[in-house]
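Inspection log for the structure reproduced underneath, given as structure tokens.
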Amino acid sequence: MSVFSYELNSHRVAIVTIDVPGEKMNTLRDSFADELLTILEQGRNDDVTGMVFVSGKDDNFIAGADIKMLDQAKTREDALRLSEMCQQAFFKMQKLPFPTVAAIHGAALGGGLEFALACDYRVCSDDDKTKLGLPEVQLGLLPGGGGTQRLPKLVGIQKALEWMLTGKQVRAKQAKKAGLVDDSVPHSILLDVAIKLARGSKPKARKPKLDKLSQLLESNPFGRNIIFKKAQENVEKKTGGHYPAPLAIIKAVRASVELGELKAYKTEAEGFADLVMTEVSQSLRGIFFATTEMKKEWQSDDAPKINRAAVLGGGLMGGGIAHVSAVKAGVPVRIKDVAHQGISNALSYSYKILSKKQKKRILSKAELQLAMNRITGTTDYTGMRHTDIVIEAVFEDLALKQSMVADIERECTEQTIFASNTSSLPIAQIAENAARPENVIGLHYFSPVEKMPLVEIIPHEGTSEETIARTVNFARKQGKTPIVVKDKAGFYVNRILAPYVNEAANLLLAGEPIEKIDQALVEFGFPVGPLALLDEVGVDIGSKIAPILEKELGDRFKAPDAFARMIDSKRLGRKTGKGFYKYESKGKKVDESVYDLLGITPAPRLNKQEIASRCVAQMLNEAARCLDEGIIASARDGDIGAIFGIGFPPFLGGPFSYMDKRGLNKVCSELSTYATDNAVFTPAEPLLAKAEAGEAYYS
């Protein structure tokens with residue numbers, strides 16, 4: 001069945017509907033180019049006055065290229081052909097004797113936006129569903145269908161680079177202001193406006209809408225050189241050289257203004273082909289496939305939807321959970337706190353985030369007020385009777401959490417879910433005295449809640465499947481990627497994080513400087529180093545989790561005594577203004593007095609690669625144990641949990657993908673070498689067995 005359907009109206013304008021059969025999303029397939037050329041030829045034969053492309057889907061124009069198509073490209077030549085095929089089809093669109101118009105409603109991303117860019121005009125609907133962007137960089141790629149060539153000519157070099165290097169998606173108003181679309185109109189008249197444009201003449205050459213400074217910079221070789229040099233410096237600083245796609249994007253955009261058209265398009269196609277074959281892109285595409293698969297799990301049409309939520313505790317976590325529930329999930333949220341100040345703090349938390357977005361014109365004042373109206377507060381349980389889920393976000397006290405379960409069972413309905421945001425206490429213990437233990441579950445968020453994409457869903461043995469399904473689906477509505485993990489100390493993320501942080505602390509106590517340790521792991525690919533991370537989380541929080549892990553899992557989780565000395569001296573991290581670093585208005589810097597407190601004389605011994613290797617080895621070893629014990633259901637879940645939960649370098653694909661790439665024998669050999677000095681490095685039995693059998697985590 002064809003992707004395109006063709007209809008000629010009374011004004012001889014061809015209305016071409018794009019609708020991939022049997023799929024929720026329109027994506028560019030192998031056959032797309034040939035079918036498009038057939039449609040264009042039909043328009044020529046019918047001597048049409050214009051052609052309008054519109055989607056047959058409710059919420060997307062074209063969501064991008066079919067990523068599976070890239071995996072089928074076994075060689076660089078295969079990938080090069082894909083790019084050139086797309087470029088040539090879009091060239092033919094621009095050489096038609098009649099105008100073409102893209103009528104965009106919903107997502108026009110990647111190849112979908114490149115298709116729209118090849119049209120003479122673009123008009124989009126002005127509602128929230130409409131998003132436009134070239135996010136290929138997030139898959140380790142560049143836009144290979146002419147996007148790096150056409151976008152700068154419409155919106156300017158600087159804005160095009162910004163959008164492509166970040167994968168930013170822009171809304172209708174931003175798109176119109178920047179000149180990406182010719183008009184932004186209500187969905188009800190989108191087709192009418194598009195047809196009117198199609199009945200006109202082909203447009204004259206356009207110039208980007210630029211301010212005077214941008215115009216000055218972009219209009220001459222000297223100014224453009226400044227732009228490209230600055231862009232390259234920023235990319236190298238942010239990526240540490242781990243991601244080749246941003247530099248390839250800069251090169252292709254530069255070609256669009258410095259080379260002839262054919263050479264410039266060839267630069268784009270060759271850059272695309274090179275990137276498709278890189279391990280980085282393969283890893284990032286693997287993450288995309290994994291998260292796509294996960295969205296299909298724990299779906300239940302029969303499970304009641306969550307339409308009302310409540311949060312117990314108005315602290316930072318409670319405020320963050322209330323925010324994503326009200327703003328992302330769009331449900332009314334009731335915050336309960338023992339003090340009015342706690343409720344006020346939680347409301348303020350959301351207001352600050354929303355007001356920043358309003359200042360940037362991402363949302364209107366009316367939208368801000370609508371979101372804030374969804375959040376209300378109480379110091380008792382009034383207004384919570386018909387709540388579908390209650391999320392507890394108070395401090396780690398088992399008796400307190402158990403009493404809250406009893407309160408919710410008394411105050412709410414028999415179907416109300418009690419979800420605990422505990423980071424360490426077993427969910428089975430929290431549910432121990434529950435009258436309805438099947439409704440009790442763990443829902444572990446990471447801080448800051450509105451930014452961190454992962455949540456751990458922790459059922460205990462008595463949790464019902466309906467409760468799991470309802471909680472997973474609600475987490476997705478909040479914009480989260482949920483992984484279901486086993487109810488055991490530390491769950492998954494904190495369990496693999498603890499030995500990683502402990503090893504960093506041990507290296508510090510052995511004389512390695514704080515900044516050197518953190519830089520080593522940032523250069524490895526983590527967003528922040530382990531000691532800086534501990535400062536962000538709070539040294540006291542880490543110290544509360546460590547004894548639980550040590551008691552349940554053994555001596556390898558014993559935290560260094562240094563942490564106790566930090567707590568005694570009120571060095572808890574950012575929240576107290578000092579930890580391993582000193583926090584001031586100008587930023588942070590290493591607090592040299594920490595060395596005296598811990599009785600350390602800095603004496604660098606290891607290079608950065610050795611430091612990173614030792615810390616990461618601990619994480620890999622523990623991840624292998626977690627999979628063997630069923631803490632995580634699969635290596636895939638383990639990789640997603642580590643990437644989205646603690647920032648394991650995405651370009652490496654996650655702990656299990658990374659071990660496969662290195663070879664399990666090599667990982668075990670490295671661990672065994674470290675174990676000669678410290679037994680905690682002894683390779684985990686399941687990892688050793690897999691290595692000896694010549695197996696891999698992904699076959």
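Going through the structure tokens in order, the chains are called A, B, and so on, while each chain numbers its residues from 1 and the ligands are numbered from 1 in the order shown.
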
- Query: Which residues come within 10 Å of Tyr595 of chain A, counting only C-alpha atoms, excluding same-chain residues fewer than 2 positions away, as a ChimeraX atom specification?
  - Reply: /A:508-509,511,513-514,580,591-593,597-602

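Straight-line separation from atom CA of Ile458 of chain A to atom CA of Pro426 of chain A: 9.0 Å.
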
- Task: Show which residues sit within 8 Å of segment 572-577 of chain A, as a PyMOL selection string. Count only C-alpha atoms, and ignore same-chain residues fewer than 5 positions away.
- Result: chain A and resi 534-540+566-567+582-584

May I have the residues from that selection written out with all heavy atoms, as a compact mmCIF listing (two decimals), in the first residue's frame?
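What follows is the written file again-v2.txt:
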```txt
# COMPACT_ATOMS: atom_id res chain seq x y z
N LEU A 534 28.33 13.47 44.74
CA LEU A 534 28.01 13.26 46.17
C LEU A 534 27.67 14.58 46.83
O LEU A 534 26.76 14.64 47.67
CB LEU A 534 29.19 12.59 46.86
CG LEU A 534 28.93 11.98 48.24
CD1 LEU A 534 27.80 10.96 48.18
CD2 LEU A 534 30.19 11.33 48.78
N ASP A 535 28.37 15.64 46.46
CA ASP A 535 28.04 16.98 46.97
C ASP A 535 26.63 17.40 46.56
O ASP A 535 25.90 18.03 47.32
CB ASP A 535 29.04 18.01 46.45
CG ASP A 535 30.18 18.27 47.43
OD1 ASP A 535 30.28 17.56 48.45
OD2 ASP A 535 30.98 19.19 47.17
N GLU A 536 26.25 17.08 45.32
CA GLU A 536 24.92 17.45 44.83
C GLU A 536 23.82 16.68 45.55
O GLU A 536 22.81 17.24 45.94
CB GLU A 536 24.82 17.20 43.32
CG GLU A 536 25.70 18.10 42.45
CD GLU A 536 25.27 19.55 42.48
OE1 GLU A 536 24.08 19.82 42.73
OE2 GLU A 536 26.12 20.41 42.24
N VAL A 537 24.03 15.38 45.72
CA VAL A 537 23.03 14.52 46.38
C VAL A 537 22.96 14.83 47.87
O VAL A 537 21.89 14.84 48.47
CB VAL A 537 23.37 13.03 46.16
CG1 VAL A 537 22.47 12.13 46.98
CG2 VAL A 537 23.26 12.69 44.68
N GLY A 538 24.12 15.10 48.46
CA GLY A 538 24.23 15.31 49.90
C GLY A 538 25.01 14.17 50.54
O GLY A 538 24.60 13.01 50.42
N VAL A 539 26.12 14.50 51.18
CA VAL A 539 26.96 13.47 51.81
C VAL A 539 26.16 12.70 52.85
O VAL A 539 26.33 11.49 53.03
CB VAL A 539 28.22 14.11 52.43
CG1 VAL A 539 29.09 13.07 53.12
CG2 VAL A 539 29.03 14.84 51.37
N ASP A 540 25.25 13.39 53.54
CA ASP A 540 24.44 12.74 54.57
C ASP A 540 23.48 11.72 53.98
O ASP A 540 23.24 10.66 54.57
CB ASP A 540 23.67 13.77 55.39
CG ASP A 540 22.81 14.70 54.51
OD1 ASP A 540 23.20 14.94 53.35
OD2 ASP A 540 21.77 15.18 55.00
N MET A 566 33.04 14.05 57.43
CA MET A 566 32.43 15.14 56.65
C MET A 566 31.12 15.58 57.28
O MET A 566 30.83 16.77 57.41
CB MET A 566 32.18 14.68 55.21
CG MET A 566 33.41 14.30 54.42
SD MET A 566 34.28 15.70 53.71
CE MET A 566 33.17 16.20 52.40
N ILE A 567 30.31 14.62 57.68
CA ILE A 567 29.00 14.91 58.28
C ILE A 567 29.16 15.61 59.62
O ILE A 567 28.47 16.59 59.92
CB ILE A 567 28.17 13.62 58.43
CG1 ILE A 567 27.82 13.08 57.04
CG2 ILE A 567 26.90 13.87 59.22
CD1 ILE A 567 27.30 11.67 57.04
N LYS A 582 33.68 24.04 47.72
CA LYS A 582 33.13 25.21 48.39
C LYS A 582 32.23 25.92 47.38
O LYS A 582 32.64 26.17 46.24
CB LYS A 582 34.26 26.15 48.84
CG LYS A 582 33.80 27.30 49.74
CD LYS A 582 34.96 28.22 50.07
CE LYS A 582 35.98 27.53 50.97
NZ LYS A 582 37.09 28.46 51.34
N TYR A 583 30.99 26.23 47.79
CA TYR A 583 30.01 26.80 46.87
C TYR A 583 29.78 28.27 47.19
O TYR A 583 29.40 28.64 48.31
CB TYR A 583 28.69 26.02 46.95
CG TYR A 583 28.88 24.59 46.51
CD1 TYR A 583 29.29 23.61 47.41
CD2 TYR A 583 28.72 24.23 45.18
CE1 TYR A 583 29.51 22.30 46.99
CE2 TYR A 583 28.93 22.93 44.75
CZ TYR A 583 29.33 21.97 45.67
OH TYR A 583 29.55 20.67 45.25
N GLU A 584 30.04 29.10 46.20
CA GLU A 584 29.88 30.55 46.34
C GLU A 584 29.07 31.08 45.18
O GLU A 584 28.77 30.35 44.23
CB GLU A 584 31.27 31.22 46.39
CG GLU A 584 32.11 30.76 47.58
CD GLU A 584 33.57 31.21 47.47
OE1 GLU A 584 33.99 31.54 46.35
OE2 GLU A 584 34.26 31.19 48.51
```

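Among the candidates A:Tyr265, A:Val338, A:Ile321, A:Pro686, the one nearest to Glu629 of chain A when counting only C-alpha atoms is A:Pro686.
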
Wanna dump the segment 467-503 of chain A-segment 551-556 of chain A contacts at 10 Å for me, each residue with its shortest atom pair and the distance in Å to one decimal, counting only C-alpha atoms, ordered by chain and number, as a tab-separated table?
```
residue	atom	partner	partner_atom	distance
A:Lys488	CA	A:Glu552	CA	8.4
A:Ala489	CA	A:Glu552	CA	6.5
A:Gly490	CA	A:Glu552	CA	9.4
A:Arg495	CA	A:Leu553	CA	9.6
A:Ala498	CA	A:Arg556	CA	9.7
A:Pro499	CA	A:Arg556	CA	7.5
A:Asn502	CA	A:Arg556	CA	9.4
```

Could you dump the residues just selected with all heavy atoms as a PDB file, in the first residue's frame?
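Everything below was put into part_27.pdb:
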```pdb
ATOM      1  N   LYS A 488      15.052  -5.096  46.559  1.00  0.00           N
ATOM      2  CA  LYS A 488      16.222  -5.497  47.341  1.00  0.00           C
ATOM      3  C   LYS A 488      17.055  -4.258  47.617  1.00  0.00           C
ATOM      4  O   LYS A 488      17.019  -3.308  46.830  1.00  0.00           O
ATOM      5  CB  LYS A 488      17.036  -6.551  46.583  1.00  0.00           C
ATOM      6  CG  LYS A 488      18.022  -7.307  47.470  1.00  0.00           C
ATOM      7  CD  LYS A 488      18.581  -8.523  46.768  1.00  0.00           C
ATOM      8  CE  LYS A 488      19.556  -9.264  47.698  1.00  0.00           C
ATOM      9  NZ  LYS A 488      20.135 -10.448  47.028  1.00  0.00           N
ATOM     10  N   ALA A 489      17.808  -4.266  48.682  1.00  0.00           N
ATOM     11  CA  ALA A 489      18.540  -3.084  49.143  1.00  0.00           C
ATOM     12  C   ALA A 489      19.224  -2.332  48.005  1.00  0.00           C
ATOM     13  O   ALA A 489      19.964  -2.911  47.220  1.00  0.00           O
ATOM     14  CB  ALA A 489      19.577  -3.492  50.184  1.00  0.00           C
ATOM     15  N   GLY A 490      18.972  -1.015  47.940  1.00  0.00           N
ATOM     16  CA  GLY A 490      19.607  -0.169  46.945  1.00  0.00           C
ATOM     17  C   GLY A 490      18.948  -0.221  45.588  1.00  0.00           C
ATOM     18  O   GLY A 490      19.309   0.544  44.694  1.00  0.00           O
ATOM     19  N   ARG A 495      22.518   0.836  43.939  1.00  0.00           N
ATOM     20  CA  ARG A 495      23.396  -0.309  44.200  1.00  0.00           C
ATOM     21  C   ARG A 495      24.643  -0.272  43.321  1.00  0.00           C
ATOM     22  O   ARG A 495      25.729  -0.613  43.769  1.00  0.00           O
ATOM     23  CB  ARG A 495      22.630  -1.615  43.987  1.00  0.00           C
ATOM     24  CG  ARG A 495      23.495  -2.815  44.304  1.00  0.00           C
ATOM     25  CD  ARG A 495      22.707  -4.053  44.529  1.00  0.00           C
ATOM     26  NE  ARG A 495      23.546  -5.224  44.369  1.00  0.00           N
ATOM     27  CZ  ARG A 495      23.123  -6.463  44.400  1.00  0.00           C
ATOM     28  NH1 ARG A 495      21.831  -6.703  44.588  1.00  0.00           N
ATOM     29  NH2 ARG A 495      23.949  -7.472  44.244  1.00  0.00           N
ATOM     30  N   ALA A 498      26.841   3.083  44.480  1.00  0.00           N
ATOM     31  CA  ALA A 498      27.558   3.101  45.764  1.00  0.00           C
ATOM     32  C   ALA A 498      29.014   2.648  45.649  1.00  0.00           C
ATOM     33  O   ALA A 498      29.916   3.356  46.123  1.00  0.00           O
ATOM     34  CB  ALA A 498      26.802   2.273  46.798  1.00  0.00           C
ATOM     35  N   PRO A 499      29.313   1.492  45.040  1.00  0.00           N
ATOM     36  CA  PRO A 499      30.724   1.089  44.955  1.00  0.00           C
ATOM     37  C   PRO A 499      31.559   2.021  44.079  1.00  0.00           C
ATOM     38  O   PRO A 499      32.758   2.189  44.306  1.00  0.00           O
ATOM     39  CB  PRO A 499      30.671  -0.322  44.367  1.00  0.00           C
ATOM     40  CG  PRO A 499      29.322  -0.473  43.764  1.00  0.00           C
ATOM     41  CD  PRO A 499      28.416   0.443  44.507  1.00  0.00           C
ATOM     42  N   ASN A 502      32.258   4.934  46.379  1.00  0.00           N
ATOM     43  CA  ASN A 502      33.187   4.478  47.422  1.00  0.00           C
ATOM     44  C   ASN A 502      34.613   4.396  46.897  1.00  0.00           C
ATOM     45  O   ASN A 502      35.569   4.752  47.601  1.00  0.00           O
ATOM     46  CB  ASN A 502      32.754   3.110  47.961  1.00  0.00           C
ATOM     47  CG  ASN A 502      31.599   3.200  48.932  1.00  0.00           C
ATOM     48  OD1 ASN A 502      31.182   4.292  49.320  1.00  0.00           O
ATOM     49  ND2 ASN A 502      31.052   2.063  49.315  1.00  0.00           N
TER      50      ASN A 502
END
```

- Message: Need the shell around segment 101-114 of chain A: protein/DNA/RNA residues with any atom at most 7 Å away, counting only C-alpha atoms. Skip same-chain ones fewer than 2 positions apart. Format as a PyMOL selection string?
- Response: chain A and resi 28+51-54+59-65+99+116-125+129-136+143+145-147+190-191+194+198

Go ahead and save the residues from that selection, with N, CA, C and O atoms, as a compact mmCIF listing (two decimals), in the first residue's frame.
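selection-v7.txt was written with the following content:
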```
# COMPACT_ATOMS: atom_id res chain seq x y z
N LEU A 28 9.85 8.08 7.30
CA LEU A 28 10.39 7.91 5.95
C LEU A 28 10.95 6.50 5.81
O LEU A 28 11.81 6.08 6.59
N MET A 51 0.66 21.94 -5.20
CA MET A 51 0.54 20.66 -4.49
C MET A 51 0.72 20.89 -2.99
O MET A 51 1.66 21.57 -2.56
N VAL A 52 -0.22 20.35 -2.22
CA VAL A 52 -0.17 20.47 -0.76
C VAL A 52 0.04 19.09 -0.15
O VAL A 52 -0.66 18.14 -0.51
N PHE A 53 1.01 19.00 0.77
CA PHE A 53 1.25 17.75 1.49
C PHE A 53 0.70 17.88 2.91
O PHE A 53 1.03 18.83 3.63
N VAL A 54 -0.15 16.95 3.28
CA VAL A 54 -0.79 16.97 4.59
C VAL A 54 -0.74 15.57 5.18
O VAL A 54 -0.69 14.58 4.44
N ASP A 59 -1.48 13.32 15.09
CA ASP A 59 -0.55 14.15 15.86
C ASP A 59 0.87 14.19 15.30
O ASP A 59 1.81 14.55 16.00
N ASN A 60 1.05 13.79 14.05
CA ASN A 60 2.38 13.95 13.46
C ASN A 60 2.29 14.14 11.95
O ASN A 60 1.46 13.53 11.29
N PHE A 61 3.15 15.00 11.45
CA PHE A 61 3.28 15.22 10.01
C PHE A 61 4.16 14.08 9.47
O PHE A 61 3.68 13.14 8.86
N ILE A 62 5.45 14.16 9.73
CA ILE A 62 6.36 13.02 9.54
C ILE A 62 7.33 13.08 10.72
O ILE A 62 8.01 14.09 10.92
N ALA A 63 7.36 12.03 11.51
CA ALA A 63 8.12 12.05 12.77
C ALA A 63 9.61 11.80 12.57
O ALA A 63 10.37 11.80 13.53
N GLY A 64 10.04 11.57 11.31
CA GLY A 64 11.45 11.32 11.05
C GLY A 64 11.64 10.12 10.15
O GLY A 64 10.67 9.55 9.63
N ALA A 65 12.89 9.74 9.97
CA ALA A 65 13.19 8.55 9.18
C ALA A 65 13.00 7.30 10.04
O ALA A 65 13.10 7.36 11.26
N PRO A 99 4.11 25.45 -7.28
CA PRO A 99 4.51 25.53 -5.87
C PRO A 99 4.06 24.32 -5.06
O PRO A 99 3.00 23.73 -5.32
N ALA A 116 9.76 18.90 4.58
CA ALA A 116 9.05 20.18 4.58
C ALA A 116 9.94 21.31 4.06
O ALA A 116 9.48 22.22 3.37
N LEU A 117 11.24 21.26 4.40
CA LEU A 117 12.19 22.28 3.94
C LEU A 117 12.34 22.27 2.42
O LEU A 117 12.65 23.29 1.81
N ALA A 118 12.13 21.09 1.82
CA ALA A 118 12.23 20.97 0.36
C ALA A 118 11.00 21.53 -0.35
O ALA A 118 11.03 21.73 -1.57
N CYS A 119 9.92 21.77 0.40
CA CYS A 119 8.73 22.40 -0.19
C CYS A 119 8.98 23.90 -0.34
O CYS A 119 9.81 24.48 0.35
N ASP A 120 8.21 24.51 -1.20
CA ASP A 120 8.36 25.96 -1.42
C ASP A 120 7.83 26.76 -0.23
O ASP A 120 8.37 27.82 0.10
N TYR A 121 6.77 26.26 0.39
CA TYR A 121 6.16 26.94 1.53
C TYR A 121 5.93 25.93 2.65
O TYR A 121 5.72 24.74 2.40
N ARG A 122 5.89 26.47 3.88
CA ARG A 122 5.54 25.66 5.05
C ARG A 122 4.54 26.46 5.88
O ARG A 122 4.78 27.65 6.17
N VAL A 123 3.45 25.84 6.21
CA VAL A 123 2.48 26.45 7.12
C VAL A 123 2.16 25.41 8.18
O VAL A 123 2.06 24.21 7.88
N CYS A 124 2.06 25.83 9.45
CA CYS A 124 1.83 24.85 10.52
C CYS A 124 0.67 25.26 11.42
O CYS A 124 0.29 26.43 11.46
N SER A 125 0.12 24.28 12.10
CA SER A 125 -0.94 24.56 13.08
C SER A 125 -0.30 25.16 14.32
O SER A 125 0.86 24.88 14.63
N LYS A 129 0.69 20.35 19.81
CA LYS A 129 1.15 19.12 19.15
C LYS A 129 2.25 19.39 18.12
O LYS A 129 3.05 18.51 17.82
N THR A 130 2.27 20.60 17.61
CA THR A 130 3.20 20.92 16.52
C THR A 130 4.60 21.24 17.05
O THR A 130 4.78 22.19 17.82
N LYS A 131 5.56 20.43 16.63
CA LYS A 131 6.96 20.62 17.01
C LYS A 131 7.82 20.35 15.78
O LYS A 131 7.61 19.36 15.08
N LEU A 132 8.78 21.22 15.56
CA LEU A 132 9.65 21.09 14.40
C LEU A 132 11.11 21.05 14.86
O LEU A 132 11.50 21.77 15.77
N GLY A 133 11.91 20.20 14.23
CA GLY A 133 13.31 20.14 14.62
C GLY A 133 14.09 19.10 13.83
O GLY A 133 13.52 18.26 13.14
N LEU A 134 15.41 19.20 13.97
CA LEU A 134 16.33 18.23 13.37
C LEU A 134 17.14 17.61 14.50
O LEU A 134 18.26 18.05 14.80
N PRO A 135 16.59 16.58 15.15
CA PRO A 135 17.23 16.01 16.34
C PRO A 135 18.23 14.89 16.05
O PRO A 135 18.56 14.10 16.93
N GLU A 136 18.71 14.77 14.82
CA GLU A 136 19.58 13.65 14.44
C GLU A 136 20.81 13.52 15.32
O GLU A 136 21.33 12.43 15.53
N PRO A 143 21.64 15.62 9.87
CA PRO A 143 20.53 15.54 8.91
C PRO A 143 21.10 15.25 7.52
O PRO A 143 21.90 16.03 7.01
N GLY A 145 19.30 14.64 4.60
CA GLY A 145 18.41 14.89 3.47
C GLY A 145 18.37 16.35 3.07
O GLY A 145 17.33 16.86 2.66
N GLY A 146 19.50 17.04 3.24
CA GLY A 146 19.57 18.44 2.86
C GLY A 146 19.32 19.41 3.99
O GLY A 146 19.37 20.63 3.80
N GLY A 147 19.09 18.90 5.20
CA GLY A 147 18.78 19.78 6.35
C GLY A 147 19.89 20.74 6.70
O GLY A 147 19.63 21.91 7.03
N LEU A 190 -5.88 25.14 8.63
CA LEU A 190 -4.54 24.83 8.12
C LEU A 190 -4.56 24.47 6.63
O LEU A 190 -3.80 25.03 5.83
N LEU A 191 -5.45 23.56 6.25
CA LEU A 191 -5.49 23.10 4.86
C LEU A 191 -5.92 24.23 3.93
O LEU A 191 -5.37 24.39 2.83
N ALA A 194 -3.00 26.51 3.36
CA ALA A 194 -2.01 25.83 2.53
C ALA A 194 -2.44 25.83 1.06
O ALA A 194 -1.63 26.07 0.15
N ALA A 198 -0.64 27.37 -2.29
CA ALA A 198 -0.36 26.51 -3.45
C ALA A 198 -0.91 27.09 -4.74
O ALA A 198 -0.42 26.78 -5.83
```

How close does segment 296-334 of chain A get to segment 402-418 of chain A? List, as JSON lines, each residue of segment 296-334 of chain A within 12 Å, its nearest atom pair and the distance in Å to one decimal, counting only C-alpha atoms.
```
{"residue": "A:Ala303", "atom": "CA", "partner": "A:Gln415", "partner_atom": "CA", "distance": 10.9}
{"residue": "A:Pro304", "atom": "CA", "partner": "A:Gln415", "partner_atom": "CA", "distance": 9.2}
{"residue": "A:Lys305", "atom": "CA", "partner": "A:Gln415", "partner_atom": "CA", "distance": 11.1}
{"residue": "A:Ile306", "atom": "CA", "partner": "A:Thr416", "partner_atom": "CA", "distance": 9.4}
{"residue": "A:Asn307", "atom": "CA", "partner": "A:Thr416", "partner_atom": "CA", "distance": 11.2}
{"residue": "A:Arg308", "atom": "CA", "partner": "A:Thr416", "partner_atom": "CA", "distance": 10.0}
{"residue": "A:Ala309", "atom": "CA", "partner": "A:Thr416", "partner_atom": "CA", "distance": 9.5}
{"residue": "A:Ala310", "atom": "CA", "partner": "A:Phe418", "partner_atom": "CA", "distance": 9.7}
{"residue": "A:Val311", "atom": "CA", "partner": "A:Phe418", "partner_atom": "CA", "distance": 10.0}
{"residue": "A:Leu312", "atom": "CA", "partner": "A:Met404", "partner_atom": "CA", "distance": 8.6}
{"residue": "A:Gly313", "atom": "CA", "partner": "A:Met404", "partner_atom": "CA", "distance": 11.1}
```

- Item | Per-residue DSSP, segment 484-550 of chain A, filtered to alpha helix (DSSP H), as a count of residues only | 48

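Across the model, the gap from atom CA of Val253 of chain A to atom CA of Ala273 of chain A is 16.0 Å.
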
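Atom CA of Ile483 of chain A is positioned 10.5 Å from atom CA of Ile631 of chain A.
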
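Compared by their closest atoms to Arg81 of chain A, and using only C-alpha atoms, the residues A:Arg662, A:Arg224, A:Lys266, A:Lys24 rank with A:Lys266 nearest.
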
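With only C-alpha atoms as the atoms that count, the residue of A:Glu367, A:Asp397, A:Glu23, A:Glu450 with the shortest distance to Ser350 of chain A is A:Glu450.
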
- Query: Between A:Met277, A:Ala322, A:Leu354, A:Leu549, which has the minimum distance to Gln72 of chain A (counting only C-alpha atoms)?
  - Reply: A:Met277

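Using only C-alpha atoms, the smallest distance between any of A:Ile468, A:Val235, A:Ile548, A:Ala693 and Gln299 of chain A comes from A:Ile468.
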
- Query: Out of A:Val440, A:Met384, A:Ile640, A:Ile353, which residue has the shortest atom-to-atom distance to Thr481 of chain A when counting only C-alpha atoms?
  - Reply: A:Ile640

- Using backbone DSSP assignments, extract all strand (DSSP E or B) residues from segment 462-562 of chain A; output them as number ranges by chain. A: 481-484

- If we count only C-alpha atoms, what is near Thr278 of chain A at a cut-off of 12 Å, once residues fewer than 5 positions away on the same chain are taken out, given as a VMD selection string? chain A and resid 70 to 71 74 to 76 79 139 to 141 242 to 245 271 to 273 283 to 285 651 to 652
